[in-house]
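First comes the structure, then the notes that go with it.
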Amino acid sequence: MVAEHSAMSTIISTGKPILDNLARPLRDLRISVTDRCNFRCVYCMPREVFGPGYAFVPREDLLTLEEIARIARVFAAIGMRKVRITGGEPLIRRNLEHLIEMIDAMDEVDDISLTTNGSMLSPGRAVDLRKSGLKRLTISLDALDDPTFKRINDVDYPVSRVLDGIEHARAAGFSGTKINVVVRRGFNQHAVLDLVKHFRHTDCIVRFIEYMDVGETNGWNLDDVIPASDLVDEIDARYPLEAISQNYPGEVAKRWRYRDGAGEIGFITSVTQSFCGECSRARLSAVGQVYTCLFSSQGHDLRDLLRSGASDDQLLQAVREIWQGRNERYSELRATATSIPASGQAKVEMSHIGG
């Protein structure tokens, strides 16, 4: 594998950036390591669909950690620099730290992060993740009051244990942890200021996410979306804000900071202010399907190619062609249409490809 890695480094250093049909480079790869989760959040894996009889992916159909690392190495060869580990709930996956170690060993990769619901973030697990090379954490937390949070996660899981996980991450050396909050009208809009107040003067960055029409099972309705601009106005009235610039091109969150120096917050505006024009993300599902948009209907199969004995050059060519053929801009089309763009096929569920 050393020789293969060296050859791919040559491609990166001498070749032009790989662009899609809309001149967008590949910079980010989001890797789902499982389609399973111990929560049944109403906006992602509603219990009425993902109930006791739901057929999750058989273990043997999941990519092995070594297969995931091999695919990640190919993506690195055409420009990928950032990896985010997702699920389902990624901490369910055994030996996940080994995958992080393999990715961290790739010279091209600058950043590895992980999105989790925080329920399995014990003190020991947080330390192990940090030692394996994980740089950053994002933890989902949609409310601070138990009745609301339990209504959303639908497994009677208490807020206090997620807050414990956040503290365990801090103690393990993680800083700048992001707290993701999906805001849905009628569910948790009352929780916004509580979350702001709780995480001000900490190094955690709360990010409010507009409720999105990902997949086909979450009952999405545009009337349930609270525009991020409304949230900015609400927060600014209590804690004055000022906008700040992106950390890097293609960053999904619009950044704001408190004028009194109490920290930073962000807003992800996929519904009301799309950011398709700068999207540099590909997504790899746990079964080896590559999706070039969060709202995709179809993926591109790499697992069968990989397991049929394909060489790294063949995998590299396949990934290159997938990215160069990319033309999705779902959110832009949704924003300008009188109805949601239709492909004639069901969109992939978020639990299969992460957020």
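Residue numbers start at 1 in each chain; chains themselves are named A, B, ... in the order of the structure tokens; ligands are numbered from 1 in the order shown.
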
(request) With a distance cut-off of 12 Å and only C-alpha atoms, select the neighbouring residues of Val42 (chain A), excluding the residue or stretch itself and same-chain residues fewer than 2 positions from it, and output the selection as a ChimeraX atom specification. (result) /A:39-40,44-50,142,148-155,182-184,187-188,211,217-220,350-351

(request) For region 259-272 of chain A, work out the shell of residues within 6 Å, counting only C-alpha atoms and skipping chain neighbours fewer than 4 positions away, then give it as a PyMOL selection string. (result) chain A and resi 200-201+205-210+240-241+253-255

Output file for the residues above (N, CA, C and O atoms, as a PDB file, in the first residue's frame):
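That gives us selection.pdb:
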ATOM      1  N   ARG A 200     -23.164  29.775  25.591  1.00  0.00           N
ATOM      2  CA  ARG A 200     -22.374  31.000  25.565  1.00  0.00           C
ATOM      3  C   ARG A 200     -21.246  30.888  26.605  1.00  0.00           C
ATOM      4  O   ARG A 200     -21.390  30.227  27.620  1.00  0.00           O
ATOM      5  N   HIS A 201     -20.129  31.519  26.302  1.00  0.00           N
ATOM      6  CA  HIS A 201     -18.974  31.509  27.194  1.00  0.00           C
ATOM      7  C   HIS A 201     -18.400  30.090  27.356  1.00  0.00           C
ATOM      8  O   HIS A 201     -17.753  29.798  28.373  1.00  0.00           O
ATOM      9  N   ILE A 205     -19.720  25.466  19.773  1.00  0.00           N
ATOM     10  CA  ILE A 205     -20.357  26.309  18.766  1.00  0.00           C
ATOM     11  C   ILE A 205     -21.703  25.693  18.402  1.00  0.00           C
ATOM     12  O   ILE A 205     -21.767  24.623  17.782  1.00  0.00           O
ATOM     13  N   VAL A 206     -22.790  26.349  18.823  1.00  0.00           N
ATOM     14  CA  VAL A 206     -24.119  25.859  18.476  1.00  0.00           C
ATOM     15  C   VAL A 206     -24.415  26.217  17.017  1.00  0.00           C
ATOM     16  O   VAL A 206     -24.159  27.344  16.576  1.00  0.00           O
ATOM     17  N   ARG A 207     -24.952  25.235  16.282  1.00  0.00           N
ATOM     18  CA  ARG A 207     -25.319  25.476  14.883  1.00  0.00           C
ATOM     19  C   ARG A 207     -26.796  25.092  14.700  1.00  0.00           C
ATOM     20  O   ARG A 207     -27.167  23.926  14.891  1.00  0.00           O
ATOM     21  N   PHE A 208     -27.602  26.054  14.335  1.00  0.00           N
ATOM     22  CA  PHE A 208     -29.019  25.823  14.124  1.00  0.00           C
ATOM     23  C   PHE A 208     -29.253  25.453  12.657  1.00  0.00           C
ATOM     24  O   PHE A 208     -28.833  26.180  11.748  1.00  0.00           O
ATOM     25  N   ILE A 209     -29.924  24.319  12.448  1.00  0.00           N
ATOM     26  CA  ILE A 209     -30.093  23.760  11.113  1.00  0.00           C
ATOM     27  C   ILE A 209     -31.566  23.829  10.710  1.00  0.00           C
ATOM     28  O   ILE A 209     -32.444  23.361  11.444  1.00  0.00           O
ATOM     29  N   GLU A 210     -31.824  24.413   9.558  1.00  0.00           N
ATOM     30  CA  GLU A 210     -33.188  24.420   9.053  1.00  0.00           C
ATOM     31  C   GLU A 210     -33.638  22.986   8.769  1.00  0.00           C
ATOM     32  O   GLU A 210     -32.885  22.183   8.204  1.00  0.00           O
ATOM     33  N   PRO A 240     -26.826  40.440  21.214  1.00  0.00           N
ATOM     34  CA  PRO A 240     -26.460  41.056  19.936  1.00  0.00           C
ATOM     35  C   PRO A 240     -25.369  40.284  19.190  1.00  0.00           C
ATOM     36  O   PRO A 240     -24.382  39.834  19.788  1.00  0.00           O
ATOM     37  N   LEU A 241     -25.575  40.152  17.872  1.00  0.00           N
ATOM     38  CA  LEU A 241     -24.700  39.360  17.023  1.00  0.00           C
ATOM     39  C   LEU A 241     -24.070  40.218  15.944  1.00  0.00           C
ATOM     40  O   LEU A 241     -24.558  41.292  15.599  1.00  0.00           O
ATOM     41  N   ALA A 253     -22.028  26.318   7.198  1.00  0.00           N
ATOM     42  CA  ALA A 253     -22.676  27.173   8.191  1.00  0.00           C
ATOM     43  C   ALA A 253     -22.337  28.641   7.960  1.00  0.00           C
ATOM     44  O   ALA A 253     -21.188  28.991   7.693  1.00  0.00           O
ATOM     45  N   LYS A 254     -23.353  29.480   8.058  1.00  0.00           N
ATOM     46  CA  LYS A 254     -23.127  30.918   8.084  1.00  0.00           C
ATOM     47  C   LYS A 254     -22.759  31.294   9.517  1.00  0.00           C
ATOM     48  O   LYS A 254     -23.480  30.977  10.460  1.00  0.00           O
ATOM     49  N   ARG A 255     -21.620  31.985   9.676  1.00  0.00           N
ATOM     50  CA  ARG A 255     -21.030  32.204  10.985  1.00  0.00           C
ATOM     51  C   ARG A 255     -21.412  33.575  11.550  1.00  0.00           C
ATOM     52  O   ARG A 255     -21.400  34.579  10.845  1.00  0.00           O
TER      53      ARG A 255
END

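Our summary of the geometry notes that CA of Arg326 (chain A) is positioned 7.8 Å from CA of Leu22 (chain A).
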
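CA of Asn38 (chain A) sits 14.5 Å away from CA of Leu141 (chain A).
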
(message) At a cut-off of 6 Å, using only C-alpha atoms, what residues contact region 87-99 of chain A? Leave out same-chain residues fewer than 3 positions from it and give the result as a ChimeraX atom specification.
(response) /A:32-37,65,102,116,129,132,351,354

(request) Find the residue from A:Gln273, A:Ser285, A:Gln189, A:Thr202 that sits nearest to Ala143 (chain A); use only C-alpha atoms when measuring. (result) A:Gln189

Could the residues of region 106-160 of chain A that have an atom at most 12 Å from region 74-82 of chain A be listed as a tab-separated table, each with its closest atom pair and the distance in Å to one decimal, counting only C-alpha atoms and ordered by chain and ascending residue number?
residue	atom	partner	partner_atom	distance
A:Met106	CA	A:Ala76	CA	8.2
A:Asp107	CA	A:Ala76	CA	9.0
A:Glu108	CA	A:Arg81	CA	6.0
A:Val109	CA	A:Arg81	CA	4.5
A:Asp110	CA	A:Arg81	CA	5.5
A:Asp111	CA	A:Lys82	CA	4.8
A:Ile112	CA	A:Lys82	CA	6.0
A:Ser113	CA	A:Lys82	CA	8.1
A:Leu114	CA	A:Lys82	CA	11.1
A:Leu134	CA	A:Lys82	CA	11.4
A:Lys135	CA	A:Lys82	CA	10.6
A:Arg136	CA	A:Lys82	CA	11.2

Convert the current residue selection to file output with N, CA, C and O atoms, as a short mmCIF file (atom, residue, chain, number, x, y, z; two decimals), in the first residue's frame.
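What follows is the written file part21.cif:
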data_model
loop_
_atom_site.label_atom_id
_atom_site.label_comp_id
_atom_site.auth_asym_id
_atom_site.auth_seq_id
_atom_site.Cartn_x
_atom_site.Cartn_y
_atom_site.Cartn_z
N MET A 106 -2.96 9.20 6.27
CA MET A 106 -2.90 9.69 4.90
C MET A 106 -2.41 11.13 4.90
O MET A 106 -3.05 12.01 5.49
N ASP A 107 -1.31 11.38 4.25
CA ASP A 107 -0.71 12.71 4.27
C ASP A 107 -1.64 13.79 3.72
O ASP A 107 -1.59 14.95 4.16
N GLU A 108 -2.49 13.41 2.77
CA GLU A 108 -3.34 14.41 2.11
C GLU A 108 -4.47 14.91 3.01
O GLU A 108 -5.02 15.99 2.79
N VAL A 109 -4.85 14.13 4.00
CA VAL A 109 -6.01 14.47 4.83
C VAL A 109 -5.62 15.44 5.94
O VAL A 109 -4.75 15.14 6.76
N ASP A 110 -6.26 16.59 5.95
CA ASP A 110 -5.96 17.63 6.93
C ASP A 110 -6.84 17.57 8.17
O ASP A 110 -6.47 18.09 9.23
N ASP A 111 -8.05 16.98 8.04
CA ASP A 111 -9.01 17.08 9.13
C ASP A 111 -9.91 15.86 9.14
O ASP A 111 -10.41 15.42 8.10
N ILE A 112 -10.14 15.30 10.32
CA ILE A 112 -11.07 14.19 10.51
C ILE A 112 -12.01 14.57 11.64
O ILE A 112 -11.57 14.89 12.75
N SER A 113 -13.31 14.52 11.36
CA SER A 113 -14.30 14.86 12.39
C SER A 113 -15.35 13.75 12.44
O SER A 113 -15.37 12.85 11.59
N LEU A 114 -16.21 13.81 13.43
CA LEU A 114 -17.22 12.78 13.63
C LEU A 114 -18.49 13.43 14.17
O LEU A 114 -18.43 14.29 15.04
N LEU A 134 -8.75 11.56 15.68
CA LEU A 134 -9.93 12.38 15.45
C LEU A 134 -9.66 13.81 15.93
O LEU A 134 -9.17 14.01 17.04
N LYS A 135 -9.96 14.76 15.07
CA LYS A 135 -9.65 16.16 15.39
C LYS A 135 -10.82 16.89 16.03
O LYS A 135 -10.64 17.72 16.92
N ARG A 136 -12.06 16.61 15.56
CA ARG A 136 -13.20 17.42 16.01
C ARG A 136 -14.43 16.54 16.17
O ARG A 136 -14.55 15.50 15.54
#

Within region 32-199 of chain A, find each residue whose DSSP state, derived from the backbone, is strand (DSSP E), and express the selection as a PDB file with C-alpha atoms, in the first residue's frame.
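As a result, part.pdb now contains:
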ATOM      1  CA  SER A  32     -21.302   6.598   6.872  1.00  0.00           C
ATOM      2  CA  LYS A  82     -11.485  16.596   4.983  1.00  0.00           C
ATOM      3  CA  VAL A  83     -13.272  13.493   6.262  1.00  0.00           C
ATOM      4  CA  ARG A  84     -16.370  13.389   8.445  1.00  0.00           C
ATOM      5  CA  ILE A  85     -17.437  10.060   9.978  1.00  0.00           C
ATOM      6  CA  THR A  86     -21.217   9.685  10.200  1.00  0.00           C
ATOM      7  CA  ASP A 111      -9.010  17.082   9.126  1.00  0.00           C
ATOM      8  CA  ILE A 112     -11.075  14.187  10.506  1.00  0.00           C
ATOM      9  CA  SER A 113     -14.304  14.856  12.386  1.00  0.00           C
ATOM     10  CA  LEU A 114     -17.222  12.780  13.628  1.00  0.00           C
ATOM     11  CA  THR A 115     -20.937  13.455  14.110  1.00  0.00           C
ATOM     12  CA  THR A 116     -22.610  11.616  16.991  1.00  0.00           C
ATOM     13  CA  ARG A 136     -13.196  17.416  16.011  1.00  0.00           C
ATOM     14  CA  LEU A 137     -16.629  16.343  17.213  1.00  0.00           C
ATOM     15  CA  THR A 138     -20.138  17.401  16.312  1.00  0.00           C
ATOM     16  CA  ILE A 139     -22.837  16.386  18.786  1.00  0.00           C
ATOM     17  CA  SER A 140     -26.559  16.512  18.061  1.00  0.00           C
ATOM     18  CA  LYS A 178     -20.121  21.835  17.422  1.00  0.00           C
ATOM     19  CA  ILE A 179     -23.631  21.337  18.794  1.00  0.00           C
ATOM     20  CA  ASN A 180     -26.094  20.627  15.967  1.00  0.00           C
ATOM     21  CA  VAL A 181     -29.712  21.659  16.517  1.00  0.00           C
ATOM     22  CA  VAL A 182     -32.377  20.816  13.929  1.00  0.00           C
ATOM     23  CA  VAL A 183     -35.124  23.395  14.460  1.00  0.00           C
TER      24      VAL A 183
END

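The nearest approach to Leu284 (chain A) among the residues A:Thr177, A:Ser331, A:Gln298, A:Asn21, with only C-alpha atoms taken into account, belongs to A:Gln298.
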
(request) From the DSSP assignment of the backbone, select every residue of region 72-319 of chain A that is alpha helix (DSSP H), and format the answer as an NGL selection string. (result) :A and (72-77 or 96-104 or 123-132 or 146-153 or 159-172 or 192-199 or 228-238 or 303-307 or 312-319)

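Closest approach to Gly250 (chain A) among A:Ser274, A:Ser308, A:Gln314, A:Ser280 is made by A:Ser280 (distances from only C-alpha atoms).
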
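With only C-alpha atoms as the atoms that count, the minimum distance from Arg303 (chain A) to the choices A:Val162, A:Leu315, A:Val287, A:Ile31 is reached by A:Val287.
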
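The neighbours of Ile18 (chain A) here are the residues that come within 10 Å of it, using only C-alpha atoms and leaving out any residue fewer than 5 positions away in the same chain; they are Ile12, Ala23, Arg24, Pro25, Leu26, Arg27, Ala77, Ile78, Gly79, Met80, Arg320, Glu321, Trp323 and Gln324 of chain A.
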
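In this structure, CA of Asp213 (chain A) sits 7.9 Å away from CA of Phe295 (chain A).
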
(request) List the neighbours of Ser122 (chain A) out to 9 Å using only C-alpha atoms; skip same-chain residues closer than 4 positions along the sequence, and give me the result as an MDAnalysis selection string. (result) chainID A and resid 118 126:127 164:165 168:169

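Compared by their closest atoms to Ala237 (chain A), and using only C-alpha atoms, the residues A:Leu62, A:Val159, A:Cys279, A:Leu193 rank with A:Leu193 nearest.
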